[in-house]
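Shown next, in structure tokens, is the structure this report addresses.
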Amino acid sequence: MTLDPHHCITCSDEGVQLTVLRVEDDGEMARCRDESGTETAVQVALVADVLPGDTLLVHAGTALLRVRLTEQVRA
Amino acid sequence: MSDIGLGPELDRALPDAPAPAAGDRVAEREDRILDIIEKTRAKRPKFRDDHITMAHGAGGKATAALIEGLLVPAFASPSLDVLGDAGLVTVDGVGLAMTTDSFVVKPIRFPGGSIGELAVNGTANDIAMAGARPLALTLSLILEEGLPADVLRAEVQAIADAAAVAGVSIIAGDTKVVERGACDQMYICTTGIGQVDARATLAPNCLRPGDRILLSGRIGEHGTAIMLARGEFELGATVESDTRALWPAVDALLGAAGPSLRCLRDATRGGVASVLNELARASSVAMLVRENAVAILPAVMGAAELLGIDPMHVANEGVFVAVVDPDGAAAALAALRTVPGCEDAAEIGEVKTSPTGMVLVETSFGGKRVMDQLVGDPLPRIC
Amino acid sequence: MRFVDEFRDPELGRTLAGEILATVQAGRHYKIMEVCGGHTHSIYKYGVDDLLPENVELVHGPGCPVCVIPMGRVDDAIALAHEPGVIFTCFGDMMRVPGSAGTLQDAKARGADIRMVYSPLDALRIARSEPGRQVVFFAIGFETTAPSTALTLKRARAESVPNFSVFCNHVTIVPPLRALLDSPDLRLDGFIGLGHVSTIVGVRPLDFIPAEYDMPVVVSGFEPVDILESVLMILRQLHSGASAVENQYARVVPYEGNVRALEVLAEVFALRPHFEWRGLGFIAQSGLKLSDAYAGFDAELRFAVPGVRVADPKACQCGEVLKGVIKPFECKVFGTACTPERPIGTCMVSSEGACAAYYNYGRFARDRELV
């Protein structure tokens, strides 16, 4: 519950991190879920070799990047 | 290339824009502007629009402008001026609370409830928020030509069931049918009446610095359920509307902390943020809310995050805010938590002195930000 | 998710805030601009600027692709929405942006079939399910959002969807940055760039900033810890006298960006010679239109749009606010003719704009005091 009331998807250039459940449509689309279980369909044509379990950065329904799961640890 | 301005009002000189005086320091000019803004914000909003838009129904700033700028001045009465959830009238020494409400929710059936149930609970809750025991409702149905009888039957049963649970009688009604397309399956209009409880002395303009802000449960579930039920977006979560009758909770509060209760308000359209902003303005106080104290289901958080909507702006149908003086807060909270549906009740913040009329949030990260009233209408036809 | 939580840890936030306090020089005022709405949003959401010392100021640059759409283009959008049989789809953001005679929200109230969508795919879906109607998608956004439109257009072409078209108002981020940096009256010490746009264009396009303008740039993540860390990195650069592009968000943003996305953009879009930005005027090579190969999906070609250029009202001083030359309250129409409910320029249209934020937060924005 930490959002700007006037939040714009485009203005805020937002990207959400979603986990891939399954890849569909010949690798063009993926069914993804967020940490709370909400599911959504995502275009994944811009990210190579998407696999179930991957975490993707998604904006306006399209995956921009695969987020590497091993985070760099802050010193 | 044409050069169209935005209308005559901009092209003429602006009388209230302060002209910089000779030797005017930047800080002084800034103070003057801030004064103008604060005075403007404190003034009764004006209704200046040419057409009604969906924003006027959202429960946020546009709704406030419509109500305070057009309706209240036209129907001026002391009771109306208070802008409470219900109107108060005294008959032979008996305090009565009356309210009216209409329900245009789409779709009419959704996870956790239906329009009939909303109609009963929503109306009864407006009465309860005035510190009055809901007694009876009138029910006016506007039905669309072609509505299947089964659908109507189901809603009538839902209304009867909800009325039984809420302990209210339906004492009068009316039915109209309009042509196909003139309404969306069914609209319901109600009037509710209740008796003001002797233990209640509630008003939105009595909040004082130091008062505690209680929230009766988890937020955002009704609006989220409706949004998901509309199926316009591909989200697969299951969330149910939180519609429920709130008189039992109010009754418990009055019993445990009656004299300490300042005000109750249910967080319907516009959500908790709108309620807090309205109360802060009505009492000319500030509020500080601790983000971490507000209970919310992960699924509601997730859906809201994906759609870019603040859960504090999402409509609820079974959650209310109670402002309590510091002495009664602990007892009030304990009593609230014993009521079914209010197990997640929590103290979420405190009333402060200044900045007047503003609601601030202490974020989970530690910084503070402003929580404003809703602008626009992200979730239309929510109740 | 554990790794996200780490970047929202209040403990870590306090530590960084302390380091920033220890690094700033007394009496010196630092102005750091962030251009990505995602950063502004995060700063607002977590109250990050509340944790910075008074002499470090975060200003929001021209990063709102919605607010910079000039009034004439909004008028064009409304004209499209009023075309008989058209279903006009757009992001919710666009509904309140004023054209010369009202907003899309007003047009909807007057009967235009305008539907809010959350991605261009939603719009294409509507086109498939309503074959008798023309569906127009109002495409807006920087390079972060353009790939989504591009993929949707590829799909529309592959499936030969006849009733779908795009009204393209995508813009690119680098030209307005350069225009800003070229202003003689700009006062800025450093940039927090580019946010999610960088996931597409990479870090390389920012090299010109330290190289040509001697200004530090840090590509920052969106979590509050990221932003604080990036501020610290800029301060350290300023004090060492160096200026370079540093990638604080290396865990997500690669130097070369998303090559596939850039290819798709090149296939579907072409650069307009110039595009007008509300409050900033005409900027060369800053707007996208559909390429010749996709001209069949161009709403501007399929329908007649008025195409009338509407100048910003004379009173609008957004350009100066964006450049940091004047503060919101110094604009002559701030708070009087221009308010969040009835905005004139981009700085007030977006709630993340400098003027809207200042108007809404008032004294709290200045004094940061809660009593």
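Every chain in the structure tokens takes a letter, A first, then B, and so on in the order presented; its residues are numbered from 1, and the ligands are numbered from 1 following the presented order.
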* Counting only C-alpha atoms, what is within 9 Å of Ala160 in chain B, bar same-chain residues fewer than 5 positions away, as an NGL selection string? -> :B and (116-117 or 120 or 155 or 165 or 169-170)
Residues of the last selection are to be written out with all heavy atoms, as a PDB file, in the first residue's frame.
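Final output, saved to part.pdb:
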```
ATOM      1  N   GLY B 116     -27.608  -6.217  -4.326  1.00  0.00           N
ATOM      2  CA  GLY B 116     -28.613  -6.210  -3.273  1.00  0.00           C
ATOM      3  C   GLY B 116     -27.978  -6.141  -1.895  1.00  0.00           C
ATOM      4  O   GLY B 116     -28.394  -5.362  -1.025  1.00  0.00           O
ATOM      5  N   GLU B 117     -26.945  -6.960  -1.692  1.00  0.00           N
ATOM      6  CA  GLU B 117     -26.273  -6.991  -0.403  1.00  0.00           C
ATOM      7  C   GLU B 117     -25.600  -5.646  -0.119  1.00  0.00           C
ATOM      8  O   GLU B 117     -25.652  -5.114   0.994  1.00  0.00           O
ATOM      9  CB  GLU B 117     -25.241  -8.115  -0.432  1.00  0.00           C
ATOM     10  CG  GLU B 117     -24.755  -8.520   0.940  1.00  0.00           C
ATOM     11  CD  GLU B 117     -23.748  -9.658   0.871  1.00  0.00           C
ATOM     12  OE1 GLU B 117     -23.754 -10.402  -0.137  1.00  0.00           O
ATOM     13  OE2 GLU B 117     -22.958  -9.783   1.822  1.00  0.00           O
ATOM     14  N   VAL B 120     -28.175  -3.009   1.058  1.00  0.00           N
ATOM     15  CA  VAL B 120     -28.574  -3.098   2.471  1.00  0.00           C
ATOM     16  C   VAL B 120     -27.438  -2.652   3.382  1.00  0.00           C
ATOM     17  O   VAL B 120     -27.596  -1.775   4.228  1.00  0.00           O
ATOM     18  CB  VAL B 120     -28.996  -4.538   2.824  1.00  0.00           C
ATOM     19  CG1 VAL B 120     -29.218  -4.671   4.327  1.00  0.00           C
ATOM     20  CG2 VAL B 120     -30.255  -4.923   2.067  1.00  0.00           C
ATOM     21  N   GLU B 155     -31.416 -11.434  -6.543  1.00  0.00           N
ATOM     22  CA  GLU B 155     -31.096 -10.193  -5.836  1.00  0.00           C
ATOM     23  C   GLU B 155     -32.082  -9.932  -4.709  1.00  0.00           C
ATOM     24  O   GLU B 155     -31.712  -9.476  -3.641  1.00  0.00           O
ATOM     25  CB  GLU B 155     -31.108  -8.993  -6.801  1.00  0.00           C
ATOM     26  CG  GLU B 155     -29.826  -8.853  -7.599  1.00  0.00           C
ATOM     27  CD  GLU B 155     -28.587  -9.148  -6.798  1.00  0.00           C
ATOM     28  OE1 GLU B 155     -28.343  -8.521  -5.739  1.00  0.00           O
ATOM     29  OE2 GLU B 155     -27.820 -10.052  -7.225  1.00  0.00           O
ATOM     30  N   VAL B 165     -29.561 -10.316   8.411  1.00  0.00           N
ATOM     31  CA  VAL B 165     -28.269 -10.289   9.118  1.00  0.00           C
ATOM     32  C   VAL B 165     -28.043  -8.930   9.761  1.00  0.00           C
ATOM     33  O   VAL B 165     -27.569  -8.822  10.897  1.00  0.00           O
ATOM     34  CB  VAL B 165     -27.114 -10.620   8.142  1.00  0.00           C
ATOM     35  CG1 VAL B 165     -25.765 -10.308   8.765  1.00  0.00           C
ATOM     36  CG2 VAL B 165     -27.188 -12.081   7.708  1.00  0.00           C
ATOM     37  N   SER B 169     -35.479  -3.801   8.787  1.00  0.00           N
ATOM     38  CA  SER B 169     -36.660  -4.204   8.019  1.00  0.00           C
ATOM     39  C   SER B 169     -36.752  -3.343   6.765  1.00  0.00           C
ATOM     40  O   SER B 169     -36.397  -2.165   6.795  1.00  0.00           O
ATOM     41  CB  SER B 169     -37.941  -3.986   8.816  1.00  0.00           C
ATOM     42  OG  SER B 169     -37.713  -4.134  10.175  1.00  0.00           O
ATOM     43  N   ILE B 170     -37.251  -3.964   5.697  1.00  0.00           N
ATOM     44  CA  ILE B 170     -37.547  -3.189   4.499  1.00  0.00           C
ATOM     45  C   ILE B 170     -39.000  -2.772   4.635  1.00  0.00           C
ATOM     46  O   ILE B 170     -39.897  -3.627   4.637  1.00  0.00           O
ATOM     47  CB  ILE B 170     -37.398  -4.048   3.217  1.00  0.00           C
ATOM     48  CG1 ILE B 170     -36.123  -4.892   3.263  1.00  0.00           C
ATOM     49  CG2 ILE B 170     -37.502  -3.191   1.982  1.00  0.00           C
ATOM     50  CD1 ILE B 170     -34.875  -4.198   2.883  1.00  0.00           C
TER      51      ILE B 170
END
```
* Pick out the chain C residues within 6 Å of chain B. Count only C-alpha atoms. Give them as a list in words. => Pro10, Tyr46, Gly47, Val48, Asp50, Leu51, Ser100, Ala109, Arg309, Val310, Ala311, Pro313, Leu370 and Val371 of chain C
* Going by DSSP on the backbone, which bits of range 55-294 of chain C are strand (DSSP E or B)? Write them as a count of residues only, please. => 56
* Among range 10-199 of chain C, which ones does DSSP place in helix (DSSP H, G or I), written as a ChimeraX atom specification? -> /C:10-23,37-46,48-51,71-82,92-96,104-109,120-129,146-158,174-182,196-199
* Leaving out Asp54 in chain A and any residue of its chain fewer than 2 positions from it, which residues lie within 6 Å of it when counting only C-alpha atoms, given as number ranges by chain? -> A: 19-20, 51-52
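With CA of Gly319 in chain C on one side and CA of Ile78 in chain C on the other, the separation reads 25.1 Å.
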* Asked: Near chain A, which residues of chain C fall within 7 Å when you count only C-alpha atoms, and what do they look like as a ChimeraX atom specification?
  -> /C:3,36-38,41,45,64-66,93,118-119,141,144-145,148,196,199,251-252,260-261,351
* Asked: Within 6 Å of range 81-88 of chain C, counting only C-alpha atoms, which residues qualify if same-chain residues fewer than 4 places away don't, as a VMD selection string?
  -> chain C and resid 112 to 114 133 to 136
* Residues near Gly324 in chain C, cut-off 12 Å, only C-alpha atoms, skip fewer than 3 positions along chain, as JSON, numbers by chain -> {"C": [31, 32, 33, 57, 58, 59, 60, 61, 62, 180, 181, 183, 184, 185, 186, 187, 188, 189, 317, 318, 319, 320, 321, 327, 328, 330, 331, 347, 354, 355]}
* Using CA of Thr99 in chain B and CA of Leu83 in chain B as the two end points, give the distance in Å to one decimal. =>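 Rounded to one decimal, the two atoms are 11.4 Å apart.
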* Asked: Distance CA of Arg278 in chain C-CA of Ile69 in chain C, one decimal place?
  -> 5.7 Å
* To do: For Arg178 in chain C, please output as a list in words all residues within 12 Å (counting only C-alpha atoms; exclusion window: fewer than 4 positions along the same chain).
  => Gly61, Pro62, Thr172, Ile173, Val174, Asp182, Ser183, Pro184, Leu186, Pro205, Leu206, Asp207, Phe208, Ile209, Pro210, Glu212, Tyr213, Leu280, Ile283, Ala284, Gln285, Ser286 and Lys323 of chain C
* To do: Tell me which of B:Pro45, B:Gly328, B:Pro78, B:Gly271 sits closest to chain A, counting only C-alpha atoms.
  => B:Gly271
* **Selected residue, from A:Val16, A:Leu56, A:Glu24, A:Val50, that lies nearest to chain B when counting only C-alpha atoms** =>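 Of all the options, A:Val16 lies closest to chain B.
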* Asked: Of the candidates B:Ala332, B:Glu240, B:Gly220, B:Val285, which shows the shortest atom-to-atom distance to chain A, using only C-alpha atoms?
  ->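 Smallest distance to chain A is found for B:Gly220.
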* Rank nothing, just name the residue among B:Leu137, B:Ile309, B:Val323, B:Ala335 nearest to chain A, using only C-alpha atoms. =>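 Checking each of B:Leu137, B:Ile309, B:Val323, B:Ala335 against chain A, counting only C-alpha atoms, the winner is B:Ile309.
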* Hey, which of A:Glu39, A:Asp25, A:Gly53, A:Ala30 ends up closest to chain B? Count only C-alpha atoms. -> A:Glu39
